[in-house]
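Asker: Please see the structure below; I have some questions.
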Protein chains: 2
Amino acid sequence: MPIEFKKPAVYQELHVSQGSKPTIRDVAKAADVSLTTVSYVLSGRHGGTTRISQPTQDRVLAAVKELGYVPNQAARGMRRGKTDVVAVAIGNLDWPWDRALATAATRILPEHGYQPVILLGDDWRKFMMSGGADGVIIGYFPEAKSDDETVTELARRGVAQVVISGTMVPAGFDVLAPETDEGLAECMEFLATSHRRIACVRRADPAGRPKSRFAAYAAGLEKAGIPLDESLVRTSQHHPATAYQSALELLQLPDRPTAIFCTDDMEALQAIRAAYRLGLRVPEDIQIVGVGNSTEGQEYDPALTTVGPDPIFEQVVRMLLDRLAEITPAEGIRIASPWKLHHRGTTQP
Amino acid sequence: MPIEFKKPAVYQELHVSQGSKPTIRDVAKAADVSLTTVSYVLSGRHGGTTRISQPTQDRVLAAVKELGYVPNQAARGMRRGKTDVVAVAIGNLDWPWDRALATAATRILPEHGYQPVILLGDDWRKFMMSGGADGVIIGYFPEAKSDDETVTELARRGVAQVVISGTMVPAGFDVLAPETDEGLAECMEFLATSHRRIACVRRADPAGRPKSRFAAYAAGLEKAGIPLDESLVRTSQHHPATAYQSALELLQLPDRPTAIFCTDDMEALQAIRAAYRLGLRVPEDIQIVGVGNSTEGQEYDPALTTVGPDPIFEQVVRMLLDRLAEITPAEGIRIASPWKLHHRGTTQP
DNA sequence: CAACAAATTGTGAGCGTTCACAAAGAGCCG
DNA sequence: CGGCTCTTTGTGAACGCTCACAATTTGTTG
């Protein structure tokens with residue numbers, strides 16, 4: 001008779017310290033019905049052969065309310081084999097893109113019954129491996145060598161996932177693949193039609209991101225037959241102040257550049273400040289472009305011309321929802337996210 | 001004989017679609033030991049009367065590795081009565097403070113064996129009520145009328161919590177209480193010593209935050225005997241461009257203000273741009289202060305003078321860790337977070 | 001070499017749910 | 001009013017794990 005089971009001391013303590021979480025058992029007792037009845041009422045699973053009379057339902061609901069009962073999600077999840085949680089793994093809250101992704105997920109997922117949780121840094125692997133969520137959107141971790149192993153392993157465990165990455169994903173998985181090359185080339189081409197002295201503020205980030213961006217700068221110059229002038233290239237740290245200083249230096253050069261290509265929107269925004277500081281007009285005296293298409297750049301005045309993707313995070317989230325609903329195509333879907341030049345206020349033809 | 005239990009069809013399906021998550025049972029089988037042994041090896045709980053021989057341990061560990069086994073956190077949590085998860089509930093990733101809090105939590109909590117998850121928006125209540133985490137740091141939700149009910153209810157359930165709030169918390173709970181008034185007064189006092197025409201860029205946010213900030217502006221003027229000149233007050237939207245425009249207007253006034261008090265750092269940063277744009281020097285021609293002490297403001301050049309708290313999020317996180325470890329004082333702790341004026345590059349005596 | 005102690009491993013209940021299936025109650029007709 | 005069907009409620013195993021306690025093996029000593 002399980003009722004008489006004497007709990008070991010440790011449990012008692014736990015229960016004391018844990019306070020009183022009402023369980024389905026308490027509700028059943030309070031409403032004077034069986035556990036099943038409560039469960040059926042709450043999970044609404046009384047459509048078929050099993051239905052609960054209205055008075056009973058009301059009684060149960062009243063007891064639920066009175067006790068402040070909320071089903072334990074872990075227990076429910078264990079039994080049902082799903083957690084109703086979706087994780088969004090991102091690297092850093094300072095990156096506008098990661099924030100946009102998290103925000104989109106937070107908006108959309110609850111509508112579909114999923115609780116979104118944001119995981120910062122590298123702990124998401126452990127979390128997902130230990131069954132913390134039904135699905136995960138894996139943001140862009142530039143420094144990650146490869147998540148092949150994690151992704152396959154999670155897939156084997158039946159975890160739905162969508163990966164935002166360029167190349168790092170094994171075939172067969174859903175991927176949002178940023179395609180930066182064409183947009184960057186387009187940008188350089190545009191600048192090279194009306195400028196010869198095009199400066200560059202690049203990042204000294206260890207992260208892999210900006211490397212290809214600077215490469216695009218160099219390639220663009222070469223294509224236009226403009227020799228790369230090292231004195232027009234400045235390397236800034238992540239710190240905005242260093243980007244500002246870099247731009248200040250460039251703009252005070254005897255033979256001032258007429259355009260600045262910044263490998264990141266943040267740097268471009270600082271470059272505008274530097275220009276203003278020196279009494280230069282943007283875009284009349286100096287044209288500035290960034291990379292990333294961040295919301296900030298759009299919200300500034302003048303709005304920043306930038307190379308970047310259209311914001312398609314919603315699409316990513318919906319992709320994951322499809323997977324969660326097991327709408328599974330034979331092959332993984334690869335959404336290309338083409339980056340292009342967004343002409344805005346800091347350039348002119 | 002439980003071994004012969006025939007699983008209902010639905011489970012079979014689930015198992016197919018869920019892929020193969022190895023369980024402790026699989027590990028036991030592979031290592032040819034009992035479930036207990038595996039459990040003991042993995043949870044390291046073999047110190048006292050129960051110890052496992054080295055060879056056995058190795059065998060178990062090998063099997064774990066081979067199968068790629070990771071303990072299911074939900075199941076473990078259910079049994080142990082704790083989830084090892086700590087939630088950070090914040091309102092909006094656009095607020096630098098919320099980001100700083102989340103970042104601090106992400107850095108510190110894993111060191112103590114807790115998995116931090118960030119919850120955006122209002123869903124954190126449901127998450128916590130359903131037993132999603134052992135503890136929660138409740139960020140500053142300006143629009144929340146009162147979380148009294150939630151906080152007491154969670155406490156009853158034994159959830160550790162620290163609340164960041166001004167007033168909204170029932171007595172007896174741990175609170176980080178921002179005390180903005182003195183700092184704001186100090187700031188206005190400082191400005192009023194050397195300025196008479198002090199403009200203000202304020203937010204038209206529905207959120208409660210900036211209200212007291214503008215009140216402090218008005219009060220500061222009054223105290224200094226300066227009449228409030230409505231033409232020197234501009235209301236901006238959340239959009240940076242509108243703050244920029246507001247500042248531009250103010251700075252083009254016939255009788256230009258010599259200082260601008262912005263109710264938010266973001267606005268102040270825009271005001272600096274506007275000043276530069278008009279060829280004004282900061283702080284020589286125009287002095288600018290913000291509110292919030294955001295990291296961005298510190299990283300800009302010149303660094304922004306601002307009224308704000310010292311970053312004490314670490315302290316908040318450690319407070320929660322104490323609660324989780326049941327180092328519980330009789331009464332709730334109230335850490336006052338006094339806001340003060342941080343003199344930096346955009347003002348001068 | 002028997003008998004006991006110490007070291008190691010196994011058993012099984014239970015954490016809070018869900019749900020297939022069994023059981024009980026209500027309604028109807030001959 | 002017994003036997004049948006249709007509603008409604010109850011029973012109990014299982015999800016994956018932990019841990020008190022029982023059972024077993026090994027080591028030590030009289």
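In the structure tokens, each chain is lettered A, B, ... as it comes, each chain's residues begin at 1, and ligands are numbered from 1 in order of appearance.
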What's around DT25 of chain D at 12 Å? Count only C-alpha atoms (C1' of nucleotides), leave out sequence neighbours fewer than 4 positions away in its own chain, and write the answer as a list of chain:residue names.
Answerer: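 The neighbour list is C:DA6, C:DA7, C:DT8, C:DT9, C:DG10.
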Asker: Please determine the contact residues of chain A with respect to chain D at a cut-off of 7 Å, counting only C-alpha atoms (C1' of nucleotides), and supply them as a PDB file with N, CA and C atoms, in the first residue's frame.
Answerer:
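The resulting selection.pdb:
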ATOM      1  N   SER A  34     -11.012  11.280  -9.057  1.00  0.00           N
ATOM      2  CA  SER A  34      -9.768  10.520  -9.211  1.00  0.00           C
ATOM      3  C   SER A  34      -8.724  11.329  -9.959  1.00  0.00           C
ATOM      4  N   THR A  37      -9.465  11.750 -13.663  1.00  0.00           N
ATOM      5  CA  THR A  37     -10.461  12.757 -13.987  1.00  0.00           C
ATOM      6  C   THR A  37      -9.806  14.128 -14.070  1.00  0.00           C
ATOM      7  N   ARG A  51     -15.475  11.039 -21.579  1.00  0.00           N
ATOM      8  CA  ARG A  51     -15.821  12.439 -21.331  1.00  0.00           C
ATOM      9  C   ARG A  51     -16.257  12.671 -19.898  1.00  0.00           C
ATOM     10  N   ILE A  52     -16.005  13.898 -19.499  1.00  0.00           N
ATOM     11  CA  ILE A  52     -16.262  14.246 -18.106  1.00  0.00           C
ATOM     12  C   ILE A  52     -17.466  15.177 -18.051  1.00  0.00           C
ATOM     13  N   MET A  78       7.890  14.381 -19.357  1.00  0.00           N
ATOM     14  CA  MET A  78       8.484  13.059 -19.286  1.00  0.00           C
ATOM     15  C   MET A  78       7.508  12.016 -19.792  1.00  0.00           C
ATOM     16  N   ARG A  79       6.304  12.156 -19.340  1.00  0.00           N
ATOM     17  CA  ARG A  79       5.306  11.182 -19.737  1.00  0.00           C
ATOM     18  C   ARG A  79       4.972  11.309 -21.225  1.00  0.00           C
TER      19      ARG A  79
END
Asker: Any chance you could list, as a PyMOL selection string, the residues in segment 26-248 of chain B that come up alpha helix (DSSP H) when DSSP is run on the backbone?
Answerer: chain B and resi 26-31+35-43+54-67+73-80+96-108+124-129+148-156+181-194+209-223+240-248
Asker: Could you write out the selected residues, including C-alpha atoms, as a JSON list (two decimals), in the first residue's frame?
Answerer:
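Printed below is part07.json as written:
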[["chain", "number", "residue", "atom", "x", "y", "z"],
["B", 26, "ASP", "CA", 21.13, 1.15, -22.11],
["B", 27, "VAL", "CA", 24.31, 2.16, -20.42],
["B", 28, "ALA", "CA", 23.82, -0.44, -17.72],
["B", 29, "LYS", "CA", 23.27, -3.09, -20.31],
["B", 30, "ALA", "CA", 26.27, -2.06, -22.34],
["B", 31, "ALA", "CA", 28.55, -1.95, -19.32],
["B", 35, "LEU", "CA", 21.20, 0.78, -13.07],
["B", 36, "THR", "CA", 22.32, 1.82, -9.63],
["B", 37, "THR", "CA", 25.91, 1.39, -10.43],
["B", 38, "VAL", "CA", 25.60, 3.65, -13.43],
["B", 39, "SER", "CA", 23.69, 6.19, -11.45],
["B", 40, "TYR", "CA", 26.28, 6.16, -8.70],
["B", 41, "VAL", "CA", 29.14, 6.51, -11.07],
["B", 42, "LEU", "CA", 27.54, 9.40, -12.90],
["B", 43, "SER", "CA", 26.26, 11.36, -9.99],
["B", 54, "GLN", "CA", 37.77, 1.75, -10.48],
["B", 55, "PRO", "CA", 37.48, -0.92, -13.20],
["B", 56, "THR", "CA", 33.71, -0.79, -12.97],
["B", 57, "GLN", "CA", 33.72, 2.96, -13.15],
["B", 58, "ASP", "CA", 35.86, 2.86, -16.23],
["B", 59, "ARG", "CA", 33.59, 0.35, -17.87],
["B", 60, "VAL", "CA", 30.56, 2.53, -17.17],
["B", 61, "LEU", "CA", 32.24, 5.65, -18.40],
["B", 62, "ALA", "CA", 33.29, 3.88, -21.56],
["B", 63, "ALA", "CA", 29.75, 2.76, -22.21],
["B", 64, "VAL", "CA", 28.47, 6.26, -21.57],
["B", 65, "LYS", "CA", 30.86, 7.64, -24.09],
["B", 66, "GLU", "CA", 30.16, 5.00, -26.66],
["B", 67, "LEU", "CA", 26.42, 5.45, -26.48],
["B", 73, "GLN", "CA", 17.66, 16.49, -16.83],
["B", 74, "ALA", "CA", 13.91, 16.45, -16.39],
["B", 75, "ALA", "CA", 13.90, 12.97, -14.94],
["B", 76, "ARG", "CA", 16.82, 13.67, -12.70],
["B", 77, "GLY", "CA", 15.25, 16.89, -11.60],
["B", 78, "MET", "CA", 11.99, 15.24, -10.85],
["B", 79, "ARG", "CA", 13.58, 12.71, -8.62],
["B", 80, "ARG", "CA", 15.95, 15.09, -6.91],
["B", 96, "PRO", "CA", 21.04, 47.58, -22.04],
["B", 97, "TRP", "CA", 20.35, 46.82, -18.42],
["B", 98, "ASP", "CA", 18.40, 43.74, -19.13],
["B", 99, "ARG", "CA", 21.14, 42.56, -21.39],
["B", 100, "ALA", "CA", 23.75, 43.21, -18.77],
["B", 101, "LEU", "CA", 21.77, 41.23, -16.25],
["B", 102, "ALA", "CA", 21.38, 38.30, -18.60],
["B", 103, "THR", "CA", 25.03, 38.38, -19.47],
["B", 104, "ALA", "CA", 26.13, 38.44, -15.85],
["B", 105, "ALA", "CA", 23.85, 35.52, -15.05],
["B", 106, "THR", "CA", 25.15, 33.55, -17.99],
["B", 107, "ARG", "CA", 28.67, 34.06, -16.85],
["B", 108, "ILE", "CA", 28.27, 33.28, -13.18],
["B", 124, "TRP", "CA", 8.19, 33.63, -17.32],
["B", 125, "ARG", "CA", 5.33, 33.37, -14.87],
["B", 126, "LYS", "CA", 3.93, 30.28, -16.50],
["B", 127, "PHE", "CA", 7.36, 28.81, -16.84],
["B", 128, "MET", "CA", 8.20, 29.28, -13.21],
["B", 129, "MET", "CA", 4.81, 28.17, -11.95],
["B", 148, "ASP", "CA", 3.11, 40.53, -5.57],
["B", 149, "GLU", "CA", 0.94, 37.59, -6.27],
["B", 150, "THR", "CA", 3.41, 35.78, -8.45],
["B", 151, "VAL", "CA", 6.25, 36.39, -6.08],
["B", 152, "THR", "CA", 4.42, 35.10, -3.03],
["B", 153, "GLU", "CA", 3.06, 32.15, -4.91],
["B", 154, "LEU", "CA", 6.49, 31.20, -6.18],
["B", 155, "ALA", "CA", 7.92, 31.60, -2.72],
["B", 156, "ARG", "CA", 5.30, 29.23, -1.40],
["B", 181, "ASP", "CA", 16.09, 60.26, -7.13],
["B", 182, "GLU", "CA", 19.28, 61.42, -5.53],
["B", 183, "GLY", "CA", 21.41, 60.83, -8.56],
["B", 184, "LEU", "CA", 19.01, 62.68, -10.78],
["B", 185, "ALA", "CA", 18.88, 65.56, -8.34],
["B", 186, "GLU", "CA", 22.66, 65.62, -8.17],
["B", 187, "CYS", "CA", 22.83, 65.80, -11.92],
["B", 188, "MET", "CA", 20.41, 68.67, -12.22],
["B", 189, "GLU", "CA", 22.18, 70.49, -9.46],
["B", 190, "PHE", "CA", 25.44, 70.12, -11.31],
["B", 191, "LEU", "CA", 23.98, 71.40, -14.54],
["B", 192, "ALA", "CA", 22.25, 74.30, -12.85],
["B", 193, "THR", "CA", 25.47, 75.61, -11.33],
["B", 194, "SER", "CA", 26.86, 76.61, -14.69],
["B", 209, "ARG", "CA", 10.48, 54.52, -16.38],
["B", 210, "PRO", "CA", 11.17, 57.95, -17.74],
["B", 211, "LYS", "CA", 8.36, 59.68, -15.99],
["B", 212, "SER", "CA", 10.30, 60.25, -12.80],
["B", 213, "ARG", "CA", 13.25, 61.31, -14.85],
["B", 214, "PHE", "CA", 11.45, 64.18, -16.41],
["B", 215, "ALA", "CA", 9.99, 65.02, -13.02],
["B", 216, "ALA", "CA", 13.54, 65.22, -11.71],
["B", 217, "TYR", "CA", 14.38, 67.62, -14.52],
["B", 218, "ALA", "CA", 11.49, 69.87, -13.63],
["B", 219, "ALA", "CA", 12.24, 69.64, -9.92],
["B", 220, "GLY", "CA", 15.90, 70.41, -10.50],
["B", 221, "LEU", "CA", 15.06, 73.53, -12.45],
["B", 222, "GLU", "CA", 12.65, 74.68, -9.84],
["B", 223, "LYS", "CA", 15.14, 74.18, -7.08],
["B", 240, "PRO", "CA", 16.81, 57.04, -32.39],
["B", 241, "ALA", "CA", 16.03, 59.22, -35.38],
["B", 242, "THR", "CA", 13.37, 61.11, -33.46],
["B", 243, "ALA", "CA", 15.75, 61.78, -30.61],
["B", 244, "TYR", "CA", 18.25, 63.03, -33.15],
["B", 245, "GLN", "CA", 15.70, 65.34, -34.67],
["B", 246, "SER", "CA", 14.64, 66.62, -31.27],
["B", 247, "ALA", "CA", 18.20, 67.48, -30.40],
["B", 248, "LEU", "CA", 18.73, 69.07, -33.79]]
Asker: Would you mind listing, for every residue of chain B within 7 Å of chain A, the two atoms forming the shortest contact and the distance between them in Å to one decimal, using only C-alpha atoms, sorted by chain and ascending residue number, as CSV?
Answerer:
residue,atom,partner,partner_atom,distance
B:Ser17,CA,A:Gly158,CA,6.4
B:Gln18,CA,A:Gly158,CA,4.2
B:Gly19,CA,A:Arg157,CA,4.7
B:Ser20,CA,A:Arg157,CA,5.2
B:Lys21,CA,A:Arg157,CA,5.0
B:Val70,CA,A:Ser130,CA,5.5
B:Pro71,CA,A:Ser130,CA,5.7
B:Asn72,CA,A:Ser130,CA,4.7
B:Gln73,CA,A:Ser130,CA,5.3
B:Ala74,CA,A:Ala74,CA,5.4
B:Ala75,CA,A:Met78,CA,6.9
B:Met78,CA,A:Ala75,CA,7.0
B:Leu93,CA,A:Arg99,CA,6.5
B:Arg99,CA,A:Leu93,CA,6.5
B:Thr106,CA,A:Leu120,CA,6.5
B:Val117,CA,A:Leu119,CA,5.5
B:Ile118,CA,A:Ile118,CA,4.8
B:Leu119,CA,A:Val117,CA,5.5
B:Leu120,CA,A:Thr106,CA,6.5
B:Met129,CA,A:Val70,CA,6.3
B:Ser130,CA,A:Asn72,CA,4.7
B:Gly131,CA,A:Asn72,CA,5.7
B:Gly132,CA,A:Gln73,CA,6.8
B:Arg156,CA,A:Gly19,CA,5.3
B:Arg157,CA,A:Gly19,CA,4.7
B:Gly158,CA,A:Gln18,CA,4.1
B:His239,CA,A:Glu299,CA,6.2
B:Pro240,CA,A:Tyr300,CA,5.7
B:Ala241,CA,A:Tyr300,CA,4.9
B:Arg273,CA,A:Arg273,CA,5.9
B:Tyr276,CA,A:Arg277,CA,4.7
B:Arg277,CA,A:Tyr276,CA,4.7
B:Gly279,CA,A:Gly279,CA,5.7
B:Glu299,CA,A:Ala241,CA,5.9
B:Tyr300,CA,A:Ala241,CA,5.0
B:Asp301,CA,A:Ala241,CA,5.0
Asker: Tell me, in Å to one decimal, how far atom CA of Ala259 of chain B is from atom CA of Thr306 of chain B.
Answerer: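 It comes out at 13.0 Å.
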Asker: Considering only C-alpha atoms (C1' of nucleotides), give me a table of residues in chain C that are at most 8 Å from chain A, with the closest atom pair and distance in Å for each, as a Markdown table.
Answerer:
| residue | atom | partner | partner_atom | distance |
| --- | --- | --- | --- | --- |
| C:DG16 | C1' | A:Ala75 | CA | 5.1 |
| C:DT17 | C1' | A:Arg76 | CA | 4.7 |
| C:DT18 | C1' | A:Arg79 | CA | 6.0 |
Asker: Would you put the residues from that selection into a file with C-alpha atoms (C1' of nucleotides), as an mmCIF file, in the first residue's frame?
Answerer:
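Once written, result-v6.cif looks like this:
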data_model
loop_
_atom_site.group_PDB
_atom_site.id
_atom_site.type_symbol
_atom_site.label_atom_id
_atom_site.label_comp_id
_atom_site.auth_asym_id
_atom_site.auth_seq_id
_atom_site.Cartn_x
_atom_site.Cartn_y
_atom_site.Cartn_z
ATOM 1 C "C1'" DG C 16 4.211 14.114 -10.942
ATOM 2 C "C1'" DT C 17 2.143 13.150 -14.965
ATOM 3 C "C1'" DT C 18 -0.584 10.641 -18.795
#
Asker: Write out as a PyMOL selection string all residues of segment 11-208 of chain B that backbone DSSP assigns to strand (DSSP E).
Answerer: chain B and resi 85-90+115-120+135-138+160-164+174-179+198-203
Asker: Report, in Å to a single decimal, how far apart atom CA of Val163 of chain A and atom CA of Val86 of chain A are.
Answerer: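 Computing the Euclidean distance for atom CA of Val86 of chain A and atom CA of Val163 of chain A yields 13.5 Å.
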Asker: Report, in Å with one decimal, the straight-line distance from atom CA of Ala199 of chain B to atom CA of Gly292 of chain B.
Answerer: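 Distance reported for this atom pair: 18.0 Å.
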Asker: Extract, using only C-alpha atoms (C1' of nucleotides), all DNA, RNA and protein residues at most 10 Å from Met319 of chain B, discarding same-chain residues fewer than 6 positions from it, and format them as JSON, numbers by chain.
Answerer: {"B": [137, 160, 161, 162, 174, 175, 176, 313, 325, 327, 328, 333, 335]}
